[in-house]
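Student: What follows is protein.cif; its format and atoms are mmCIF, C-alpha atoms.
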```
data_my_file
#
loop_
_atom_site.label_atom_id
_atom_site.label_comp_id
_atom_site.auth_asym_id
_atom_site.auth_seq_id
_atom_site.Cartn_x
_atom_site.Cartn_y
_atom_site.Cartn_z
CA MET A 2 -54.83 -9.06 -30.98
CA ASN A 3 -55.59 -11.72 -28.39
CA HIS A 4 -53.39 -13.44 -25.81
CA LEU A 5 -51.70 -15.58 -28.48
CA LEU A 6 -49.87 -12.44 -29.72
CA ARG A 7 -49.62 -13.95 -33.20
CA SER A 8 -49.44 -10.60 -34.96
CA LEU A 9 -46.20 -9.77 -33.11
CA ALA A 10 -44.38 -12.76 -34.63
CA PRO A 11 -42.07 -12.25 -37.64
CA ILE A 12 -44.19 -14.71 -39.61
CA SER A 13 -46.07 -13.94 -42.83
CA ASP A 14 -49.77 -14.72 -43.32
CA SER A 15 -48.85 -17.64 -45.56
CA GLY A 16 -46.35 -18.79 -42.93
CA TRP A 17 -49.03 -18.84 -40.23
CA LYS A 18 -51.34 -20.70 -42.61
CA MET A 19 -48.64 -23.32 -43.19
CA LEU A 20 -47.95 -23.70 -39.45
CA ASP A 21 -51.66 -24.00 -38.59
CA GLU A 22 -52.19 -26.60 -41.32
CA GLU A 23 -49.15 -28.60 -40.25
CA ALA A 24 -50.30 -28.56 -36.62
CA ARG A 25 -53.84 -29.57 -37.57
CA GLU A 26 -52.50 -32.39 -39.73
CA ARG A 27 -50.33 -33.72 -36.91
CA LEU A 28 -52.85 -33.29 -34.12
CA THR A 29 -56.01 -34.62 -35.73
CA PRO A 30 -55.03 -38.31 -35.97
CA ALA A 31 -53.56 -38.36 -32.46
CA LEU A 32 -56.34 -36.68 -30.44
CA ALA A 33 -58.03 -39.89 -29.37
CA ALA A 34 -60.24 -38.50 -26.62
CA ARG A 35 -62.03 -36.14 -29.01
CA ARG A 36 -63.11 -39.15 -31.08
CA LEU A 37 -64.73 -40.90 -28.13
CA VAL A 38 -65.98 -38.48 -25.48
CA ASP A 39 -68.53 -35.65 -25.48
CA PHE A 40 -66.99 -32.31 -26.44
CA SER A 41 -68.29 -28.93 -25.35
CA GLY A 42 -66.97 -25.51 -26.36
CA PRO A 43 -64.59 -23.92 -27.06
CA HIS A 44 -65.66 -21.40 -24.45
CA GLY A 45 -62.65 -19.09 -24.76
CA TRP A 46 -59.40 -18.33 -22.98
CA GLU A 47 -61.18 -16.44 -20.18
CA TYR A 48 -63.29 -19.48 -19.28
CA SER A 49 -61.82 -20.85 -16.07
CA ALA A 50 -64.08 -23.49 -14.54
CA THR A 51 -66.75 -26.07 -15.28
CA ASN A 52 -69.98 -25.93 -13.32
CA LEU A 53 -70.50 -29.12 -11.32
CA GLY A 54 -73.89 -28.16 -9.89
CA ARG A 55 -72.69 -29.17 -6.44
CA THR A 56 -71.91 -27.39 -3.21
CA SER A 57 -69.68 -27.84 -0.17
CA PRO A 58 -70.83 -27.02 3.37
CA LEU A 59 -69.33 -24.02 5.12
CA ALA A 60 -68.44 -24.16 8.79
CA SER A 61 -70.05 -20.85 9.63
CA ALA A 62 -72.31 -18.09 8.30
CA PRO A 63 -71.54 -14.37 8.12
CA CYS A 64 -74.26 -13.61 10.67
CA ASP A 65 -77.11 -15.22 12.59
CA GLY A 66 -80.27 -16.25 10.78
CA VAL A 67 -78.70 -17.37 7.50
CA THR A 68 -77.00 -20.47 6.19
CA GLY A 69 -74.52 -20.75 3.39
CA VAL A 70 -72.84 -23.27 1.12
CA GLN A 71 -70.04 -22.85 -1.36
CA ARG A 72 -70.33 -23.79 -5.04
CA ARG A 73 -67.94 -26.45 -6.28
CA VAL A 74 -66.43 -26.07 -9.73
CA LEU A 75 -63.87 -27.98 -11.74
CA PRO A 76 -61.03 -25.62 -12.75
CA LEU A 77 -59.75 -25.89 -16.31
CA VAL A 78 -56.14 -26.92 -16.86
CA GLU A 79 -53.81 -25.22 -19.32
CA VAL A 80 -51.43 -27.39 -21.34
CA ARG A 81 -48.62 -25.87 -23.33
CA ALA A 82 -45.85 -27.28 -25.52
CA ASP A 83 -43.09 -24.81 -26.47
CA PHE A 84 -41.09 -25.11 -29.67
CA GLU A 85 -38.67 -23.11 -31.80
CA LEU A 86 -38.49 -22.76 -35.57
CA SER A 87 -35.78 -21.40 -37.82
CA LEU A 88 -36.70 -18.06 -39.38
CA ALA A 89 -34.61 -18.99 -42.42
CA GLU A 90 -36.82 -22.06 -42.93
CA LEU A 91 -39.95 -19.90 -42.73
CA ARG A 92 -38.48 -17.42 -45.24
CA ASP A 93 -37.74 -20.33 -47.58
CA ALA A 94 -41.33 -21.51 -47.22
CA ASP A 95 -42.46 -17.97 -48.17
CA ARG A 96 -40.37 -18.35 -51.34
CA GLY A 97 -42.22 -21.55 -52.15
CA ALA A 98 -40.05 -24.23 -50.52
CA GLU A 99 -42.25 -27.29 -50.03
CA ASP A 100 -39.98 -29.02 -47.50
CA ALA A 101 -39.63 -26.54 -44.64
CA ASP A 102 -38.27 -28.16 -41.50
CA LEU A 103 -41.18 -28.11 -39.04
CA GLU A 104 -40.02 -31.05 -36.95
CA ALA A 105 -40.10 -29.07 -33.71
CA LEU A 106 -43.76 -28.19 -34.36
CA ASP A 107 -44.53 -31.83 -35.17
CA GLU A 108 -42.93 -32.95 -31.92
CA ALA A 109 -44.82 -30.35 -29.87
CA ALA A 110 -48.09 -31.38 -31.55
CA HIS A 111 -47.43 -35.01 -30.68
CA GLN A 112 -46.61 -34.16 -27.07
CA ILE A 113 -49.69 -32.05 -26.49
CA ALA A 114 -51.89 -34.74 -28.05
CA VAL A 115 -50.25 -37.30 -25.75
CA ALA A 116 -50.90 -35.00 -22.78
CA GLU A 117 -54.60 -34.71 -23.66
CA ASN A 118 -54.94 -38.47 -24.20
CA VAL A 119 -53.18 -39.38 -20.95
CA ALA A 120 -55.16 -36.82 -18.94
CA VAL A 121 -58.50 -38.10 -20.26
CA PHE A 122 -57.86 -41.83 -20.28
CA GLN A 123 -55.45 -42.25 -17.37
CA GLY A 124 -55.75 -39.04 -15.38
CA TRP A 125 -53.59 -36.15 -14.28
CA PRO A 126 -52.86 -36.30 -10.54
CA GLY A 127 -54.29 -33.31 -8.74
CA ALA A 128 -56.09 -32.00 -11.81
CA ILE A 129 -58.13 -34.58 -13.74
CA THR A 130 -59.61 -37.97 -12.93
CA GLY A 131 -59.12 -40.19 -15.96
CA ILE A 132 -61.59 -42.68 -17.40
CA GLY A 133 -59.51 -45.72 -16.48
CA GLU A 134 -58.89 -44.73 -12.87
CA ALA A 135 -62.54 -43.72 -12.35
CA SER A 136 -63.91 -47.04 -13.59
CA PRO A 137 -65.17 -49.29 -10.77
CA HIS A 138 -64.70 -52.39 -12.93
CA GLU A 139 -61.75 -54.64 -12.30
CA PRO A 140 -59.20 -53.94 -15.08
CA ILE A 141 -59.00 -56.77 -17.60
CA PRO A 142 -55.53 -57.92 -18.73
CA LEU A 143 -55.08 -57.54 -22.48
CA GLY A 144 -52.36 -60.17 -22.59
CA ASP A 145 -49.32 -59.91 -24.81
CA GLN A 146 -50.71 -61.64 -27.91
CA PRO A 147 -52.68 -59.23 -30.11
CA ASP A 148 -54.63 -62.03 -31.75
CA HIS A 149 -56.04 -62.83 -28.29
CA TYR A 150 -57.37 -59.25 -27.82
CA PRO A 151 -60.94 -60.07 -28.94
CA ARG A 152 -61.49 -62.05 -25.74
CA PRO A 153 -60.70 -59.25 -23.22
CA VAL A 154 -62.48 -56.69 -25.43
CA ALA A 155 -65.57 -58.90 -25.55
CA ALA A 156 -65.31 -59.38 -21.76
CA ALA A 157 -65.23 -55.60 -21.31
CA VAL A 158 -68.30 -55.14 -23.53
CA GLU A 159 -70.09 -57.89 -21.62
CA SER A 160 -69.23 -56.22 -18.33
CA LEU A 161 -70.70 -52.92 -19.57
CA LEU A 162 -73.86 -54.66 -20.79
CA HIS A 163 -74.25 -56.40 -17.41
CA ASN A 164 -74.18 -52.98 -15.79
CA GLY A 165 -76.88 -51.63 -18.08
CA ILE A 166 -74.47 -49.50 -20.12
CA SER A 167 -75.66 -49.53 -23.71
CA GLY A 168 -73.48 -49.18 -26.80
CA PRO A 169 -72.12 -48.54 -29.26
CA TYR A 170 -68.72 -48.90 -27.67
CA GLY A 171 -65.37 -47.45 -28.60
CA LEU A 172 -61.87 -48.75 -27.98
CA ALA A 173 -58.93 -46.44 -27.27
CA LEU A 174 -55.77 -48.44 -27.91
CA GLY A 175 -52.34 -47.28 -26.72
CA GLY A 176 -49.80 -46.56 -29.46
CA GLU A 177 -48.00 -49.88 -29.20
CA GLN A 178 -51.16 -51.95 -28.91
CA TYR A 179 -52.72 -50.19 -31.91
CA GLN A 180 -49.65 -50.91 -34.03
CA GLN A 181 -49.77 -54.58 -33.12
CA VAL A 182 -53.49 -54.85 -33.84
CA ALA A 183 -53.18 -53.08 -37.19
CA ARG A 184 -50.46 -55.52 -38.24
CA THR A 185 -52.27 -58.63 -37.11
CA ALA A 186 -54.48 -60.95 -39.08
CA GLU A 187 -56.05 -63.79 -37.15
CA HIS A 188 -56.06 -67.38 -38.25
CA GLY A 189 -57.59 -67.44 -41.69
CA GLY A 190 -56.31 -63.94 -42.50
CA TYR A 191 -59.29 -61.98 -41.11
CA PRO A 192 -58.01 -58.54 -40.00
CA LEU A 193 -58.05 -58.23 -36.22
CA LEU A 194 -59.22 -54.61 -36.45
CA GLU A 195 -62.39 -55.74 -38.25
CA HIS A 196 -63.07 -58.44 -35.68
CA LEU A 197 -62.73 -55.95 -32.83
CA ARG A 198 -64.98 -53.44 -34.62
CA LYS A 199 -67.71 -56.08 -34.89
CA ILE A 200 -67.51 -56.77 -31.15
CA LEU A 201 -67.67 -53.07 -30.27
CA ASP A 202 -70.09 -51.86 -32.95
CA GLY A 203 -67.97 -48.69 -32.80
CA PRO A 204 -64.59 -47.16 -33.60
CA ILE A 205 -61.10 -48.25 -32.63
CA VAL A 206 -58.93 -45.24 -31.96
CA TRP A 207 -55.16 -44.78 -31.90
CA ALA A 208 -54.35 -43.23 -28.53
CA PRO A 209 -50.62 -42.44 -28.37
CA GLY A 210 -49.38 -42.08 -24.81
CA VAL A 211 -52.02 -44.34 -23.31
CA GLY A 212 -50.78 -47.54 -21.68
CA GLY A 213 -53.04 -50.47 -22.54
CA ALA A 214 -56.56 -49.70 -23.68
CA VAL A 215 -59.98 -48.52 -22.57
CA VAL A 216 -63.39 -49.75 -23.74
CA LEU A 217 -66.10 -47.14 -23.22
CA SER A 218 -69.68 -46.47 -24.15
CA LEU A 219 -70.35 -43.88 -26.85
CA ARG A 220 -74.03 -43.42 -25.97
CA GLY A 221 -73.23 -39.89 -24.70
CA GLY A 222 -73.46 -38.07 -21.39
CA ASP A 223 -70.87 -40.25 -19.62
CA PHE A 224 -67.53 -38.57 -20.38
CA LEU A 225 -67.41 -34.81 -20.70
CA PHE A 226 -64.56 -32.80 -22.23
CA GLU A 227 -64.99 -29.05 -21.90
CA SER A 228 -62.73 -26.87 -24.00
CA GLY A 229 -61.80 -23.33 -22.97
CA GLN A 230 -59.26 -22.22 -25.57
CA ASP A 231 -59.09 -24.89 -28.23
CA LEU A 232 -55.66 -25.95 -29.46
CA SER A 233 -53.86 -22.88 -30.79
CA ILE A 234 -50.39 -21.73 -31.78
CA GLY A 235 -49.14 -18.68 -29.94
CA TYR A 236 -46.03 -16.50 -30.07
CA SER A 237 -43.43 -16.15 -27.27
CA GLY A 238 -40.55 -14.24 -28.83
CA HIS A 239 -37.80 -14.29 -31.43
CA ASP A 240 -34.20 -13.37 -32.15
CA ALA A 241 -32.34 -13.02 -35.45
CA GLU A 242 -32.41 -16.75 -36.15
CA THR A 243 -35.32 -18.39 -34.43
CA VAL A 244 -38.91 -17.74 -33.44
CA ARG A 245 -40.26 -19.20 -30.19
CA LEU A 246 -43.82 -20.45 -30.43
CA TYR A 247 -46.09 -22.72 -28.43
CA LEU A 248 -49.10 -24.95 -28.79
CA GLU A 249 -51.64 -24.43 -26.06
CA GLU A 250 -55.12 -25.35 -24.94
CA SER A 251 -57.24 -25.15 -21.81
CA PHE A 252 -59.80 -27.78 -20.86
CA SER A 253 -61.50 -29.73 -18.13
CA PHE A 254 -62.59 -33.34 -18.19
CA ARG A 255 -64.95 -35.20 -15.91
CA VAL A 256 -66.43 -38.66 -15.75
CA ALA A 257 -70.19 -38.55 -15.12
CA THR A 258 -70.72 -42.33 -15.27
CA PRO A 259 -67.61 -44.17 -14.02
CA GLU A 260 -69.15 -47.58 -14.75
CA ALA A 261 -69.45 -46.75 -18.47
CA ALA A 262 -65.83 -47.77 -19.16
CA VAL A 263 -63.50 -50.70 -18.54
CA ALA A 264 -59.69 -50.44 -18.51
CA LEU A 265 -57.64 -53.09 -20.29
CA THR A 266 -54.12 -53.40 -18.92
CA VAL A 267 -50.76 -54.51 -20.25
CA ASP A 268 -47.78 -55.68 -18.26
CA GLN A 269 -45.08 -53.82 -20.14
CA PRO A 270 -44.89 -50.00 -20.11
CA ALA A 271 -46.37 -48.33 -23.17
CA THR A 272 -44.34 -46.23 -25.56
CA PRO A 273 -45.90 -43.00 -26.79
CA MET B 18 -78.36 -28.72 -65.84
CA GLY B 19 -78.60 -25.79 -63.47
CA PHE B 20 -76.05 -24.67 -60.90
CA ASP B 21 -78.42 -22.66 -58.80
CA GLN B 22 -77.36 -24.30 -55.55
CA TYR B 23 -74.58 -21.67 -55.61
CA HIS B 24 -75.54 -18.27 -54.35
CA GLU B 25 -72.11 -16.87 -55.13
CA PRO B 26 -70.00 -17.38 -58.31
CA PRO B 27 -68.86 -21.04 -58.07
CA GLU B 28 -65.34 -20.21 -59.27
CA GLU B 29 -64.90 -17.95 -56.24
CA LEU B 30 -65.96 -20.64 -53.78
CA PRO B 31 -63.48 -23.05 -52.18
CA PRO B 32 -64.06 -26.76 -52.97
CA ALA B 33 -65.25 -27.53 -49.42
CA THR B 34 -67.94 -24.84 -49.67
CA ARG B 35 -69.09 -26.16 -53.06
CA THR B 36 -69.38 -29.66 -51.61
CA PHE B 37 -71.28 -28.28 -48.62
CA ALA B 38 -73.67 -26.43 -50.97
CA ARG B 39 -74.24 -29.57 -53.05
CA LEU B 40 -75.21 -31.55 -49.98
CA CYS B 41 -77.47 -28.71 -48.80
CA ALA B 42 -79.22 -28.87 -52.18
CA SER B 43 -79.46 -32.64 -51.89
CA LEU B 44 -80.92 -32.36 -48.41
CA THR B 45 -83.60 -29.98 -49.73
CA GLU B 46 -84.45 -32.37 -52.57
CA GLU B 47 -84.80 -35.31 -50.21
CA ALA B 48 -87.11 -33.30 -47.93
CA GLU B 49 -89.23 -32.30 -50.95
CA ALA B 50 -89.45 -35.92 -52.09
CA ILE B 51 -90.53 -37.01 -48.61
CA GLY B 52 -93.30 -34.40 -48.73
CA TRP B 53 -94.39 -35.46 -52.22
CA TYR B 54 -94.61 -39.13 -51.22
CA GLU B 55 -96.53 -38.14 -48.10
CA GLN B 56 -99.15 -36.42 -50.29
CA ARG B 57 -99.30 -39.26 -52.83
CA ILE B 58 -99.69 -41.86 -50.08
CA ALA B 59 -102.49 -39.79 -48.53
CA VAL B 60 -104.62 -39.99 -51.71
CA GLU B 61 -103.64 -43.39 -53.16
CA THR B 62 -106.13 -46.27 -52.73
CA ASP B 63 -104.34 -49.10 -54.55
CA PRO B 64 -102.63 -51.17 -51.76
CA GLU B 65 -99.82 -52.34 -54.03
CA ALA B 66 -99.02 -48.81 -55.17
CA LEU B 67 -99.14 -47.69 -51.54
CA ALA B 68 -96.60 -50.35 -50.56
CA VAL B 69 -94.25 -49.25 -53.33
CA MET B 70 -94.53 -45.60 -52.38
CA ARG B 71 -94.02 -46.30 -48.68
CA ASP B 72 -90.87 -48.20 -49.56
CA ALA B 73 -89.70 -45.35 -51.78
CA GLN B 74 -90.39 -42.81 -49.06
CA GLY B 75 -88.28 -44.92 -46.69
CA GLU B 76 -85.37 -44.51 -49.12
CA GLU B 77 -85.83 -40.74 -48.99
CA PHE B 78 -85.79 -40.84 -45.18
CA LYS B 79 -82.44 -42.61 -45.36
CA HIS B 80 -81.03 -40.20 -47.96
CA PHE B 81 -82.16 -37.22 -45.91
CA ALA B 82 -80.54 -38.64 -42.78
CA MET B 83 -77.26 -39.33 -44.60
CA ASP B 84 -77.14 -35.84 -46.12
CA LEU B 85 -77.89 -34.29 -42.74
CA GLU B 86 -75.23 -36.30 -40.94
CA PHE B 87 -72.63 -35.29 -43.56
CA LEU B 88 -73.50 -31.61 -43.16
CA LEU B 89 -73.47 -31.80 -39.37
CA ARG B 90 -70.00 -33.37 -39.45
CA ARG B 91 -68.74 -30.44 -41.51
CA SER B 92 -70.41 -27.74 -39.43
CA PRO B 93 -69.63 -27.96 -35.68
CA ALA B 94 -71.99 -25.11 -34.73
CA TRP B 95 -74.87 -26.70 -36.68
CA ARG B 96 -74.07 -30.04 -35.09
CA GLU B 97 -74.04 -28.54 -31.61
CA ILE B 98 -77.42 -26.89 -32.12
CA ALA B 99 -78.85 -30.07 -33.64
CA GLN B 100 -77.65 -32.07 -30.64
CA GLY B 101 -79.64 -29.75 -28.41
CA VAL B 102 -82.83 -30.21 -30.43
CA LEU B 103 -82.98 -33.65 -32.05
CA PHE B 104 -84.31 -36.84 -30.45
CA ARG B 105 -85.43 -35.10 -27.26
CA THR B 106 -88.83 -34.91 -25.66
CA GLY B 107 -90.32 -31.62 -24.48
CA SER B 108 -90.64 -28.25 -26.14
CA ILE B 109 -88.94 -28.16 -29.52
CA VAL B 110 -88.91 -24.37 -29.56
CA GLN B 111 -87.41 -24.11 -26.09
CA HIS B 112 -84.71 -26.65 -26.90
CA GLY B 113 -83.96 -24.77 -30.10
CA GLU B 114 -83.58 -21.42 -28.34
CA GLU B 115 -81.39 -22.92 -25.63
CA ALA B 116 -79.20 -24.82 -28.09
CA GLU B 117 -78.76 -21.74 -30.26
CA ALA B 118 -77.83 -19.57 -27.30
CA GLU B 119 -75.34 -22.12 -26.01
CA ALA B 120 -73.74 -22.78 -29.38
CA LEU B 121 -73.46 -19.19 -30.49
CA GLU B 122 -72.70 -17.59 -27.15
CA GLY B 123 -69.10 -18.67 -27.04
CA ASP B 124 -68.13 -20.27 -30.25
CA GLY B 125 -69.62 -19.68 -33.65
CA PRO B 126 -67.43 -20.55 -36.61
CA ASP B 127 -66.51 -16.90 -37.13
CA GLU B 128 -65.51 -16.56 -33.52
CA ALA B 129 -63.38 -19.69 -33.79
CA ALA B 130 -61.45 -17.99 -36.57
CA GLN B 131 -61.11 -14.83 -34.53
CA ASP B 132 -59.79 -16.63 -31.46
CA GLY B 133 -56.78 -17.80 -33.46
CA SER B 134 -57.31 -21.48 -32.63
CA LEU B 135 -56.79 -24.34 -35.04
CA GLY B 136 -60.55 -25.00 -34.99
CA ILE B 137 -60.16 -28.73 -34.31
CA ARG B 138 -62.94 -29.14 -31.71
CA SER B 139 -64.74 -32.50 -31.58
CA LEU B 140 -63.54 -35.35 -33.78
CA ARG B 141 -66.51 -37.66 -33.13
CA GLY B 142 -67.33 -39.37 -36.41
CA ALA B 143 -64.26 -37.92 -38.15
CA ARG B 144 -62.09 -40.18 -40.27
CA ARG B 145 -58.42 -40.49 -39.40
#
```
Kindly return the structure encoded in the file as C-alpha cells.
Tutor:
Amino acid sequence: MNHLLRSLAPISDSGWKMLDEEARERLTPALAARRLVDFSGPHGWEYSATNLGRTSPLASAPCDGVTGVQRRVLPLVEVRADFELSLAELRDADRGAEDADLEALDEAAHQIAVAENVAVFQGWPGAITGIGEASPHEPIPLGDQPDHYPRPVAAAVESLLHNGISGPYGLALGGEQYQQVARTAEHGGYPLLEHLRKILDGPIVWAPGVGGAVVLSLRGGDFLFESGQDLSIGYSGHDAETVRLYLEESFSFRVATPEAAVALTVDQPATP
Amino acid sequence: MGFDQYHEPPEELPPATRTFARLCASLTEEAEAIGWYEQRIAVETDPEALAVMRDAQGEEFKHFAMDLEFLLRRSPAWREIAQGVLFRTGSIVQHGEEAEAEALEGDGPDEAAQDGSLGIRSLRGARR
C-alpha cells in the first residue's frame, strides 16, 4: 500500500475502477498544459525537486583553503482537491446502477485541472512562474469580438517569428474565449477555429481557468512540466454514510525560453 | 487470412491491445516493404521503373511513420525512449541507453499502475 491508502477505503475494486475512469474522463479534456508543454515523469511521490543545474554563492566556507556554492533546485508543489462521496451511491454502482452521483468527484477534477492550467499559464505566486508572466513580449489585447481574434493571434505568431522562435504554435484559450470561438463562424460561414488553426499550424486547446489566451511554440525544450506523483485519487477517511477522498498530484513547471510565448489579454475577468 | 500478430488468444485480449498489435504488425510490414524496395532499386537499371519504385518506397516511408506515431501515442514509455533517440546527432547507442534508463527508472507502464495514479501523463497529440 502506498501513501494514497486506497486499500483502506470501503470501496470495491469495481468501485475504484469506476472512480478512476470518471476522473480520467473529466480531467483529460481540461488539462490544457499537458497538450502544449513538454512533460517529464512521473517520477514518484518521493520526488521533491527539479534540478536547475545552477548554484548560488555562499558567504563563507567551512574552513580555509576551500570554496563552496549551493545547488539551486525548483521544489515540486503538491495540489490536492478533497471531495466526499455517498457510500450508498457506491453500493448502488456495485449493484449495476449506471447513474451513480459522482458530482463531487467531477467538481474536484475540474478544480485540480483549473489549478494546473492557472499555475502553468498564469503562475502561482511564490511557487511557479507562469508562461504568460514570464514572457518578455508586450501582451496583445484579444478584444471582445471573437471574429477579430485572428488578428491578435497572427500578431503573436509574427512576434514569435521575429524573435527566431519557430513553430508549430499552439493556442491555449481561456474557457470563455474558447466557447466564443467554437460558436463563431466568420463572414462567409468559415469556422473561426479552422482559421486560427491555419495561422498557428498547431492545436487550439480549451484551458478552463485561464484568463485570456497564450500563444506558444510547440517546438519543444521551452516549457517544462515535471511530474512527481501524477494525478491520483487517494483515501482520507469514512463514516457510515460517506467516504472522504482526494485528487492529488505533485509537479514543478519552469519556463526555459520566456520569449517563446505571447500572452493575449482580455478586459473582463475570465470564468473557469 | 492469418491472425498471427496475436501472441496470446485474441479473445482474451482487450480491444486496445488488439489494435496495438495490429499496428505493430503493420509497422513490421512497412519496414519489410521499405527493405524490399531498397533491394529492388539497388539492382534495377530501367530509369522509369526506378522512378516508380522510388515513389512507392516513399509511400512506405509515410506509412511507417504514421504507424510509428500511432504506437508512440499509445505507449508513453515507448514515446519517451523514442524522444531520447530519434532525430538527434551523436551516438545512437548512448542516446538509447540514456533514454531507456531515464524512462524506465521512475515510470514504466507497470510502475504507473502500481503507483495508483490515473496514468494520464502527457496529452501532447491526444484528441479531446
Student: Evaluate the PyMOL selection byres ((chain A and resi 258) around 12) on the structure here and hand back the selected residues as a list of chain:residue names.
Tutor: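 In the shown coordinates, the PyMOL selection byres ((chain A and resi 258) around 12) covers A:Val38, A:Gly131, A:Ile132, A:Gly133, A:Ala135, A:Ser136, A:Pro137, A:His138, A:Leu161, A:Asn164, A:Gly165, A:Ile166, A:Leu217, A:Ser218, A:Leu219, A:Arg220, A:Gly221, A:Gly222, A:Asp223, A:Phe224, A:Leu225, A:Arg255, A:Val256, A:Ala257, A:Pro259, A:Glu260, A:Ala261, A:Ala262, A:Val263.
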Student: Could you write out as a PDB file with C-alpha atoms, in the coordinates of the input the residues that the PyMOL selection byres ((chain B) within 8 of (chain A)) matches in the shown file?
Tutor:
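Below is the file that was written, selection-v9.pdb:
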```pdb
ATOM      1  CA  ALA B 120     -73.740 -22.780 -29.380  1.00  0.00           C
ATOM      2  CA  GLY B 123     -69.100 -18.670 -27.040  1.00  0.00           C
ATOM      3  CA  ASP B 124     -68.130 -20.270 -30.250  1.00  0.00           C
ATOM      4  CA  ASP B 132     -59.790 -16.630 -31.460  1.00  0.00           C
ATOM      5  CA  GLY B 133     -56.780 -17.800 -33.460  1.00  0.00           C
ATOM      6  CA  SER B 134     -57.310 -21.480 -32.630  1.00  0.00           C
ATOM      7  CA  LEU B 135     -56.790 -24.340 -35.040  1.00  0.00           C
ATOM      8  CA  GLY B 136     -60.550 -25.000 -34.990  1.00  0.00           C
ATOM      9  CA  ILE B 137     -60.160 -28.730 -34.310  1.00  0.00           C
ATOM     10  CA  ARG B 138     -62.940 -29.140 -31.710  1.00  0.00           C
ATOM     11  CA  SER B 139     -64.740 -32.500 -31.580  1.00  0.00           C
ATOM     12  CA  LEU B 140     -63.540 -35.350 -33.780  1.00  0.00           C
ATOM     13  CA  ARG B 141     -66.510 -37.660 -33.130  1.00  0.00           C
ATOM     14  CA  GLY B 142     -67.330 -39.370 -36.410  1.00  0.00           C
ATOM     15  CA  ALA B 143     -64.260 -37.920 -38.150  1.00  0.00           C
ATOM     16  CA  ARG B 145     -58.420 -40.490 -39.400  1.00  0.00           C
TER      17      ARG B 145
END
```
Student: Name the residues in contact with stretch 94-98 of chain A at a cut-off of 7 Å, using all atoms listed in the file, excluding same-chain residues fewer than 4 positions from it; report them as a ChimeraX atom specification.
Tutor: /A:15-16,90
Student: Starting from the shown file, work through the PyMOL selection byres ((chain A and resi 57-61) around 6) and note down what comes out as a ChimeraX atom specification.
Tutor: /A:56,62,70-71
Student: Applying 6 Å and all atoms listed in the file, which residues near stretch 76-89 of chain A remain after dropping the ones on its own chain fewer than 4 positions away? List them as a list of chain:residue names.
Tutor: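 These residues fall inside the cut-off: A:Ser49, A:Ala50, A:Ala105, A:Ala109, A:Glu242, A:Thr243, A:Val244, A:Arg245, A:Leu246, A:Tyr247, A:Leu248, A:Glu249, A:Glu250, A:Ser251, A:Phe252, A:Ser253.
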Student: Could you dump the residues just selected with C-alpha atoms as a tab-separated table (two decimals), in the frame of the given file?
Tutor:
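part04.tsv, written as the output of this step:
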```tsv
chain	number	residue	atom	x	y	z
A	49	SER	CA	-61.82	-20.85	-16.07
A	50	ALA	CA	-64.08	-23.49	-14.54
A	105	ALA	CA	-40.10	-29.07	-33.71
A	109	ALA	CA	-44.82	-30.35	-29.87
A	242	GLU	CA	-32.41	-16.75	-36.15
A	243	THR	CA	-35.32	-18.39	-34.43
A	244	VAL	CA	-38.91	-17.74	-33.44
A	245	ARG	CA	-40.26	-19.20	-30.19
A	246	LEU	CA	-43.82	-20.45	-30.43
A	247	TYR	CA	-46.09	-22.72	-28.43
A	248	LEU	CA	-49.10	-24.95	-28.79
A	249	GLU	CA	-51.64	-24.43	-26.06
A	250	GLU	CA	-55.12	-25.35	-24.94
A	251	SER	CA	-57.24	-25.15	-21.81
A	252	PHE	CA	-59.80	-27.78	-20.86
A	253	SER	CA	-61.50	-29.73	-18.13
```
Student: Do you know which residues are at most 8 Å from B:Ile51 counting all atoms listed in the file, after dropping those on the same chain fewer than 4 positions away, and could you put them as a short mmCIF file (atom, residue, chain, number, x, y, z; two decimals) with C-alpha atoms, in the frame of the given file?
Tutor:
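Produced file selection.cif, reproduced below:
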```
data_model
loop_
_atom_site.label_atom_id
_atom_site.label_comp_id
_atom_site.auth_asym_id
_atom_site.auth_seq_id
_atom_site.Cartn_x
_atom_site.Cartn_y
_atom_site.Cartn_z
CA GLU B 47 -84.80 -35.31 -50.21
CA GLU B 55 -96.53 -38.14 -48.10
CA GLN B 74 -90.39 -42.81 -49.06
CA GLU B 77 -85.83 -40.74 -48.99
CA PHE B 78 -85.79 -40.84 -45.18
#
```
Student: Rounded to one decimal, what separation in Å do you get between atom CA of B:Phe87 and atom CA of B:Pro32?
Tutor: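 If I compute the distance from atom CA of B:Phe87 to atom CA of B:Pro32, I get 15.3 Å.
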Student: What is the atom CA of B:Glu29-atom CA of A:Asp14 distance in Å, reported with one decimal?
Tutor: 20.2 Å
Student: Pick from B:Cys41, B:Ala59, B:Ala73, B:Ala33: nearest to B:Leu88, with all atoms listed in the file counted?
Tutor: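 The closest residue to B:Leu88 is B:Cys41.
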Student: So that I can check the surroundings of A:Gln178, please list as a VMD selection string every protein, DNA and RNA residue that reaches within 9 Å of it, counting only C-alpha atoms and ignoring chain neighbours fewer than 4 positions away.
Tutor: chain A and resid 147 174 182 to 183 207 212 to 214 271
Student: Neighbouring residues of stretch 99-105 of chain B were defined as those with any atom within 9 Å, considering all atoms listed in the file; residues of the same chain fewer than 4 positions away were excluded. Please report them as a tab-separated table (two decimals) with C-alpha atoms, in the coordinates of the input.
Tutor:
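Saved file part_16.tsv follows:
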```
chain	number	residue	atom	x	y	z
B	89	LEU	CA	-73.47	-31.80	-39.37
B	94	ALA	CA	-71.99	-25.11	-34.73
B	95	TRP	CA	-74.87	-26.70	-36.68
B	109	ILE	CA	-88.94	-28.16	-29.52
B	110	VAL	CA	-88.91	-24.37	-29.56
B	111	GLN	CA	-87.41	-24.11	-26.09
B	112	HIS	CA	-84.71	-26.65	-26.90
B	113	GLY	CA	-83.96	-24.77	-30.10
B	115	GLU	CA	-81.39	-22.92	-25.63
B	116	ALA	CA	-79.20	-24.82	-28.09
B	117	GLU	CA	-78.76	-21.74	-30.26
```
Student: Using Å and a single decimal, report how far atom CA of A:Pro142 sits from atom CA of A:Leu162.
Tutor: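 Interatomic distance, atom CA of A:Leu162 to atom CA of A:Pro142: 18.7 Å.
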